[in-house]
Amino acid sequence: MTQDTDGDLDSLVRKRIRALRMAQGWSLEELAARARLSQSTLSRIETGRRRLALDQLVTLARALDTSLDQLVETAADDVVSHPAIDAARGQQSWPLKAQPGVTVVRQRMTNPPPGNPSRMRAHPGHEWLVVLSGTATLLLGNRRLRIETNQAAEFPTMLPHAIGAEGGPCEILGIFDRDARRGHQRGEDTGRPARPSS
């Protein structure tokens with residue numbers, strides 16, 4: 001990579017190397033030793049006085065405990081994203097680009113969790129949620145947990161679970177891994193009546 005081909009990317013990579021080094025609390029000397037480069041070479045790479053060579057970038061990425069792809073990743077043009085809205089279920093969802101398969105769901109709930117334990121779901125995956133407003137009730141296995149505004153819960157979705165509002169509407173923000181999201185989508189396709197899901 002040369003400065004003529006893409007000055008912005010070149011500058012970004014140099015700043016990223018320096019920022020990663022500083023985040024580790026390493027001096028130029030420490031990173032140079034880990035990357036088996038001279039301290040002056042590393043200094044010239046960081047300051048733009050030396051051309052970026054692919055072999056050095058690979059070595060630096062490894063020394064900084066990152067990948068070459070992450071080291072040279074360009075800034076995304078689409079930083080701001082808009083949700084997909086499911087009005088029937090009262091949900092907004094955003095797929096996370098940085099974590100493929102991970103989805104963020106914002107949901108307003110008005111009903112309590114189902115009283116019938118057979119309506120609780122269990123499926124592979126992991127879920128994290130935070131209550132944005134109101135109070136939610138999380139049924140998790142044999143436990144009944146009250147989650148208030150600004151409190152969060154994290155659990156493996158292999159435990160039978162259901163969530164709903166307590167004492168009035170609540171709004172939650174949930175993060176599902178790929179398996180948890182699939183599990184909920186499969187549950188929605190079974191023809192069961194719609195209900196708040198976690």
# chains A, B, ... in the order shown; residues from 1 in each chain; ligands from 1
$ residues_around --residues "Leu138 (chain A)" --least-positions-apart "4" --cutoff "9 Å" --atoms "only C-alpha atoms" --output "PDB file with N, CA and C atoms, in the first residue's frame"
ATOM      1  N   PRO A 113     -46.239 -11.842  30.893  1.00  0.00           N
ATOM      2  CA  PRO A 113     -45.778 -13.094  30.276  1.00  0.00           C
ATOM      3  C   PRO A 113     -46.885 -14.144  30.407  1.00  0.00           C
ATOM      4  N   ARG A 143     -37.790 -19.707  37.598  1.00  0.00           N
ATOM      5  CA  ARG A 143     -37.645 -18.411  38.268  1.00  0.00           C
ATOM      6  C   ARG A 143     -38.529 -17.358  37.628  1.00  0.00           C
ATOM      7  N   ARG A 144     -38.971 -16.420  38.444  1.00  0.00           N
ATOM      8  CA  ARG A 144     -39.734 -15.259  37.971  1.00  0.00           C
ATOM      9  C   ARG A 144     -38.940 -14.033  38.400  1.00  0.00           C
ATOM     10  N   LEU A 145     -38.405 -13.292  37.432  1.00  0.00           N
ATOM     11  CA  LEU A 145     -37.524 -12.171  37.734  1.00  0.00           C
ATOM     12  C   LEU A 145     -38.181 -10.861  37.326  1.00  0.00           C
ATOM     13  N   ARG A 146     -38.103  -9.890  38.197  1.00  0.00           N
ATOM     14  CA  ARG A 146     -38.628  -8.548  37.925  1.00  0.00           C
ATOM     15  C   ARG A 146     -37.442  -7.697  37.459  1.00  0.00           C
ATOM     16  N   ILE A 147     -37.572  -7.100  36.280  1.00  0.00           N
ATOM     17  CA  ILE A 147     -36.482  -6.292  35.722  1.00  0.00           C
ATOM     18  C   ILE A 147     -37.018  -4.880  35.521  1.00  0.00           C
ATOM     19  N   ALA A 153     -30.656  -8.169  31.783  1.00  0.00           N
ATOM     20  CA  ALA A 153     -30.587  -9.614  32.035  1.00  0.00           C
ATOM     21  C   ALA A 153     -29.867 -10.258  30.855  1.00  0.00           C
ATOM     22  N   HIS A 161     -38.059 -19.798  28.594  1.00  0.00           N
ATOM     23  CA  HIS A 161     -38.159 -18.393  28.962  1.00  0.00           C
ATOM     24  C   HIS A 161     -39.324 -17.707  28.257  1.00  0.00           C
ATOM     25  N   ALA A 162     -39.768 -16.636  28.878  1.00  0.00           N
ATOM     26  CA  ALA A 162     -40.793 -15.749  28.302  1.00  0.00           C
ATOM     27  C   ALA A 162     -40.662 -14.420  29.021  1.00  0.00           C
ATOM     28  N   ILE A 163     -41.084 -13.362  28.354  1.00  0.00           N
ATOM     29  CA  ILE A 163     -40.995 -12.032  28.961  1.00  0.00           C
ATOM     30  C   ILE A 163     -42.255 -11.255  28.636  1.00  0.00           C
ATOM     31  N   GLY A 164     -42.644 -10.400  29.556  1.00  0.00           N
ATOM     32  CA  GLY A 164     -43.815  -9.553  29.347  1.00  0.00           C
ATOM     33  C   GLY A 164     -43.750  -8.346  30.257  1.00  0.00           C
ATOM     34  N   ALA A 165     -44.781  -7.510  30.154  1.00  0.00           N
ATOM     35  CA  ALA A 165     -44.845  -6.283  30.950  1.00  0.00           C
ATOM     36  C   ALA A 165     -45.423  -6.576  32.328  1.00  0.00           C
ATOM     37  N   SER A 198     -39.074 -12.814  24.077  1.00  0.00           N
ATOM     38  CA  SER A 198     -37.811 -12.222  24.506  1.00  0.00           C
ATOM     39  C   SER A 198     -36.843 -12.271  23.391  1.00  0.00           C
TER      40      SER A 198
END
$ select_by_dssp --residues "region 40-179 of chain A" --states "strand (DSSP E or B)" --output "mmCIF file with C-alpha atoms, in the first residue's frame"
data_model
loop_
_atom_site.group_PDB
_atom_site.id
_atom_site.type_symbol
_atom_site.label_atom_id
_atom_site.label_comp_id
_atom_site.auth_asym_id
_atom_site.auth_seq_id
_atom_site.Cartn_x
_atom_site.Cartn_y
_atom_site.Cartn_z
ATOM 1 C CA ALA A 84 -36.990 -2.618 10.146
ATOM 2 C CA ILE A 85 -40.383 -2.035 11.762
ATOM 3 C CA ASP A 86 -42.857 -4.826 12.526
ATOM 4 C CA GLN A 91 -40.881 -4.384 17.248
ATOM 5 C CA GLN A 92 -38.060 -2.526 15.618
ATOM 6 C CA SER A 93 -34.938 -4.500 14.727
ATOM 7 C CA TRP A 94 -31.436 -3.639 13.557
ATOM 8 C CA PRO A 95 -28.956 -6.268 12.284
ATOM 9 C CA THR A 103 -29.697 -8.565 15.913
ATOM 10 C CA VAL A 104 -30.876 -5.752 18.175
ATOM 11 C CA VAL A 105 -34.633 -5.630 18.798
ATOM 12 C CA ARG A 106 -36.555 -2.816 20.472
ATOM 13 C CA GLN A 107 -39.990 -3.909 21.631
ATOM 14 C CA ARG A 108 -42.890 -2.307 23.477
ATOM 15 C CA MET A 109 -44.843 -4.802 25.571
ATOM 16 C CA ARG A 121 -39.704 -21.210 24.673
ATOM 17 C CA HIS A 126 -27.944 -16.473 23.936
ATOM 18 C CA GLU A 127 -29.884 -13.307 24.706
ATOM 19 C CA TRP A 128 -29.182 -10.030 26.469
ATOM 20 C CA LEU A 129 -31.841 -7.426 27.214
ATOM 21 C CA VAL A 130 -32.204 -4.105 28.991
ATOM 22 C CA VAL A 131 -35.469 -2.490 30.101
ATOM 23 C CA LEU A 132 -35.669 1.017 28.663
ATOM 24 C CA SER A 133 -38.885 2.015 30.445
ATOM 25 C CA THR A 135 -40.978 -2.948 34.420
ATOM 26 C CA ALA A 136 -40.675 -6.356 32.744
ATOM 27 C CA THR A 137 -41.188 -9.828 34.131
ATOM 28 C CA LEU A 138 -38.806 -12.507 32.878
ATOM 29 C CA LEU A 139 -39.809 -16.120 33.371
ATOM 30 C CA LEU A 140 -36.613 -18.158 33.219
ATOM 31 C CA ARG A 143 -37.645 -18.411 38.268
ATOM 32 C CA ARG A 144 -39.734 -15.259 37.971
ATOM 33 C CA LEU A 145 -37.524 -12.171 37.734
ATOM 34 C CA ARG A 146 -38.628 -8.548 37.925
ATOM 35 C CA ILE A 147 -36.482 -6.292 35.722
ATOM 36 C CA GLU A 148 -36.918 -2.565 36.196
ATOM 37 C CA ALA A 152 -30.467 -5.827 32.270
ATOM 38 C CA ALA A 153 -30.587 -9.614 32.035
ATOM 39 C CA GLU A 154 -28.436 -12.071 30.115
ATOM 40 C CA PHE A 155 -29.199 -15.764 29.727
ATOM 41 C CA PRO A 156 -28.770 -18.829 27.520
ATOM 42 C CA HIS A 161 -38.159 -18.393 28.962
ATOM 43 C CA ALA A 162 -40.793 -15.749 28.302
ATOM 44 C CA ILE A 163 -40.995 -12.032 28.961
ATOM 45 C CA GLY A 164 -43.815 -9.553 29.347
ATOM 46 C CA ALA A 165 -44.845 -6.283 30.950
ATOM 47 C CA CYS A 170 -42.640 -1.560 29.164
ATOM 48 C CA GLU A 171 -40.053 -1.143 26.475
ATOM 49 C CA ILE A 172 -37.035 -3.415 26.125
ATOM 50 C CA LEU A 173 -33.948 -3.542 23.960
ATOM 51 C CA GLY A 174 -32.806 -7.092 23.296
ATOM 52 C CA ILE A 175 -29.681 -8.428 21.631
ATOM 53 C CA PHE A 176 -29.984 -11.888 20.080
#
$ closest_residue --among "A:Thr74, A:Ser67, A:Val13, A:Trp26" --to "Ala53 (chain A)" --atoms "only C-alpha atoms"
A:Val13
$ residues_around --residues "region 15-25 of chain A" --least-positions-apart "4" --cutoff "8 Å" --atoms "only C-alpha atoms" --output "ChimeraX atom specification"
/A:11,31,46,60,64,71
$ residues_around --residues "Ala63 (chain A)" --least-positions-apart "3" --cutoff "7 Å" --atoms "only C-alpha atoms" --output "MDAnalysis selection string"
chainID A and resid 34:35 59:60
$ decode --residues "region 87-132 of chain A" --atoms "C-alpha atoms" --output "PDB file, in the first residue's frame"
ATOM      1  CA  ALA A  87     -45.946  -2.882  13.643  1.00  0.00           C
ATOM      2  CA  ALA A  88     -47.993  -6.045  14.262  1.00  0.00           C
ATOM      3  CA  ARG A  89     -45.544  -7.241  16.914  1.00  0.00           C
ATOM      4  CA  GLY A  90     -44.541  -3.786  18.137  1.00  0.00           C
ATOM      5  CA  GLN A  91     -40.881  -4.384  17.248  1.00  0.00           C
ATOM      6  CA  GLN A  92     -38.060  -2.526  15.618  1.00  0.00           C
ATOM      7  CA  SER A  93     -34.938  -4.500  14.727  1.00  0.00           C
ATOM      8  CA  TRP A  94     -31.436  -3.639  13.557  1.00  0.00           C
ATOM      9  CA  PRO A  95     -28.956  -6.268  12.284  1.00  0.00           C
ATOM     10  CA  LEU A  96     -25.462  -5.435  13.541  1.00  0.00           C
ATOM     11  CA  LYS A  97     -22.999  -5.196  10.660  1.00  0.00           C
ATOM     12  CA  ALA A  98     -19.953  -5.551  12.892  1.00  0.00           C
ATOM     13  CA  GLN A  99     -21.260  -8.786  14.405  1.00  0.00           C
ATOM     14  CA  PRO A 100     -22.852 -10.858  11.625  1.00  0.00           C
ATOM     15  CA  GLY A 101     -25.853 -12.790  12.876  1.00  0.00           C
ATOM     16  CA  VAL A 102     -26.432 -10.518  15.865  1.00  0.00           C
ATOM     17  CA  THR A 103     -29.697  -8.565  15.913  1.00  0.00           C
ATOM     18  CA  VAL A 104     -30.876  -5.752  18.175  1.00  0.00           C
ATOM     19  CA  VAL A 105     -34.633  -5.630  18.798  1.00  0.00           C
ATOM     20  CA  ARG A 106     -36.555  -2.816  20.472  1.00  0.00           C
ATOM     21  CA  GLN A 107     -39.990  -3.909  21.631  1.00  0.00           C
ATOM     22  CA  ARG A 108     -42.890  -2.307  23.477  1.00  0.00           C
ATOM     23  CA  MET A 109     -44.843  -4.802  25.571  1.00  0.00           C
ATOM     24  CA  THR A 110     -48.249  -4.372  27.142  1.00  0.00           C
ATOM     25  CA  ASN A 111     -49.161  -7.951  28.134  1.00  0.00           C
ATOM     26  CA  PRO A 112     -47.758  -9.935  31.063  1.00  0.00           C
ATOM     27  CA  PRO A 113     -45.778 -13.094  30.276  1.00  0.00           C
ATOM     28  CA  PRO A 114     -47.920 -16.175  29.626  1.00  0.00           C
ATOM     29  CA  GLY A 115     -49.293 -17.871  32.744  1.00  0.00           C
ATOM     30  CA  ASN A 116     -49.004 -21.290  31.125  1.00  0.00           C
ATOM     31  CA  PRO A 117     -45.433 -22.711  31.415  1.00  0.00           C
ATOM     32  CA  SER A 118     -45.979 -24.695  28.205  1.00  0.00           C
ATOM     33  CA  ARG A 119     -45.908 -21.373  26.303  1.00  0.00           C
ATOM     34  CA  MET A 120     -42.325 -20.702  27.399  1.00  0.00           C
ATOM     35  CA  ARG A 121     -39.704 -21.210  24.673  1.00  0.00           C
ATOM     36  CA  ALA A 122     -36.350 -22.958  24.769  1.00  0.00           C
ATOM     37  CA  HIS A 123     -33.943 -23.039  21.830  1.00  0.00           C
ATOM     38  CA  PRO A 124     -30.208 -22.741  21.147  1.00  0.00           C
ATOM     39  CA  GLY A 125     -28.680 -19.310  21.550  1.00  0.00           C
ATOM     40  CA  HIS A 126     -27.944 -16.473  23.936  1.00  0.00           C
ATOM     41  CA  GLU A 127     -29.884 -13.307  24.706  1.00  0.00           C
ATOM     42  CA  TRP A 128     -29.182 -10.030  26.469  1.00  0.00           C
ATOM     43  CA  LEU A 129     -31.841  -7.426  27.214  1.00  0.00           C
ATOM     44  CA  VAL A 130     -32.204  -4.105  28.991  1.00  0.00           C
ATOM     45  CA  VAL A 131     -35.469  -2.490  30.101  1.00  0.00           C
ATOM     46  CA  LEU A 132     -35.669   1.017  28.663  1.00  0.00           C
TER      47      LEU A 132
END
